[in-house]
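The structure under discussion appears below in the form of structure tokens.
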Amino acid sequence: KTNNMQYKCQSAPQHVQNENSNTSMNPAAWHSEADTEIRRDVIVSILKILKSRKHNPTAEWLKQLPATARRLELSLYRAAKSLEAYRDETTLSQRLQNLALNISYQTPEGRKMLQSRVAAAKKQHFDMQVRRLRAKMQGRLC
């Protein structure tokens with residue numbers, strides 16, 4: 001059993017092992033050096049999505065784009081539960097949006113935005129409950 005565990009960790013791409021070495025997380029069991037070509041394809045897809053969303057990109061933005069796409073891809077690769085989920089082009093755009101939100105929530109401004117969204121959702125839920133209760137009470141009075 002431990003030999004199997006060692007094999008799974010050893011089969012992860014070397015750069016994933018190195019980047020994970022400063023954390024307690026192990027690469028997912030499905031990670032493999034055989035994923036390299038698929039990962040390149042995902043990076044290309046990420047590049048296309050990011051370029052399509054940016055109007056009039058600056059030279060500096062274009063210069064940083066490949067490194068940004070690689071970092072995003074690595075985050076998606078680490079978070080995916082399976083190779084099939086990771087390479088699913090139909091969910092890639094949504095997964096990138098979710099990743100961007102998660103990253104933004106790690107900043108002070110993002111946390112404030114999240115707190116205000118939660119407060120607004122709670123107020124909306126409360127208001128809806130009050131409307132239901134009033135409607136219910138009016139129904140009983142008639």
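Going by the structure tokens order, chains are called A, B, ..., each with residues numbered from 1, while ligands are numbered from 1 in the order shown.
Residues in contact range of Ile38 in chain A, defined as at most 12 Å between only C-alpha atoms, with sequence neighbours fewer than 6 positions away removed, read His31, Ser32, Val44, Ser45, Glu73, Tyr77, Leu83, Glu84, Tyr86, Arg87, Asp88 and Glu89 of chain A.
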Generate the output file for the selected residues, N, CA, C and O atoms, as an mmCIF file, in the first residue's frame.
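So the final result, stored in part-v6.cif, reads:
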data_model
loop_
_atom_site.group_PDB
_atom_site.id
_atom_site.type_symbol
_atom_site.label_atom_id
_atom_site.label_comp_id
_atom_site.auth_asym_id
_atom_site.auth_seq_id
_atom_site.Cartn_x
_atom_site.Cartn_y
_atom_site.Cartn_z
ATOM 1 N N HIS A 31 -2.945 12.848 -10.800
ATOM 2 C CA HIS A 31 -1.910 13.628 -11.477
ATOM 3 C C HIS A 31 -0.836 12.699 -12.030
ATOM 4 O O HIS A 31 -0.442 11.748 -11.373
ATOM 5 N N SER A 32 -0.359 13.032 -13.228
ATOM 6 C CA SER A 32 0.626 12.182 -13.883
ATOM 7 C C SER A 32 1.442 12.990 -14.876
ATOM 8 O O SER A 32 0.976 14.009 -15.393
ATOM 9 N N VAL A 44 -3.534 26.867 -23.306
ATOM 10 C CA VAL A 44 -3.910 27.557 -24.555
ATOM 11 C C VAL A 44 -5.362 28.013 -24.479
ATOM 12 O O VAL A 44 -5.686 29.151 -24.862
ATOM 13 N N SER A 45 -6.231 27.180 -23.958
ATOM 14 C CA SER A 45 -7.642 27.560 -23.814
ATOM 15 C C SER A 45 -7.798 28.733 -22.858
ATOM 16 O O SER A 45 -8.592 29.646 -23.103
ATOM 17 N N GLU A 73 -3.809 27.838 -14.569
ATOM 18 C CA GLU A 73 -3.902 26.418 -14.937
ATOM 19 C C GLU A 73 -3.459 25.543 -13.782
ATOM 20 O O GLU A 73 -4.109 24.542 -13.470
ATOM 21 N N TYR A 77 -5.605 22.720 -12.005
ATOM 22 C CA TYR A 77 -5.095 21.350 -12.004
ATOM 23 C C TYR A 77 -5.080 20.789 -10.578
ATOM 24 O O TYR A 77 -5.530 19.676 -10.340
ATOM 25 N N LEU A 83 -9.107 13.996 -13.907
ATOM 26 C CA LEU A 83 -8.602 14.502 -15.177
ATOM 27 C C LEU A 83 -9.755 14.940 -16.070
ATOM 28 O O LEU A 83 -9.672 15.969 -16.752
ATOM 29 N N GLU A 84 -10.838 14.194 -16.045
ATOM 30 C CA GLU A 84 -12.005 14.534 -16.868
ATOM 31 C C GLU A 84 -12.575 15.886 -16.452
ATOM 32 O O GLU A 84 -12.914 16.713 -17.298
ATOM 33 N N TYR A 86 -10.957 18.266 -14.917
ATOM 34 C CA TYR A 86 -9.938 19.274 -15.204
ATOM 35 C C TYR A 86 -9.963 19.700 -16.665
ATOM 36 O O TYR A 86 -9.874 20.875 -16.983
ATOM 37 N N ARG A 87 -10.104 18.742 -17.565
ATOM 38 C CA ARG A 87 -10.001 19.065 -18.991
ATOM 39 C C ARG A 87 -11.342 19.436 -19.628
ATOM 40 O O ARG A 87 -11.398 19.719 -20.814
ATOM 41 N N ASP A 88 -12.408 19.503 -18.856
ATOM 42 C CA ASP A 88 -13.739 19.804 -19.375
ATOM 43 C C ASP A 88 -13.811 21.258 -19.862
ATOM 44 O O ASP A 88 -13.879 22.192 -19.074
ATOM 45 N N GLU A 89 -13.785 21.421 -21.168
ATOM 46 C CA GLU A 89 -13.810 22.762 -21.787
ATOM 47 C C GLU A 89 -15.133 23.484 -21.522
ATOM 48 O O GLU A 89 -15.164 24.713 -21.496
#
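Between CA of Pro66 in chain A and CA of Thr107 in chain A the interatomic distance comes to 23.0 Å.
Restricting the calculation to only C-alpha atoms, the smallest distance between Val42 in chain A and any of A:Ala85, A:Ala100, A:Ala135, A:Ala28 is found for A:Ala85.
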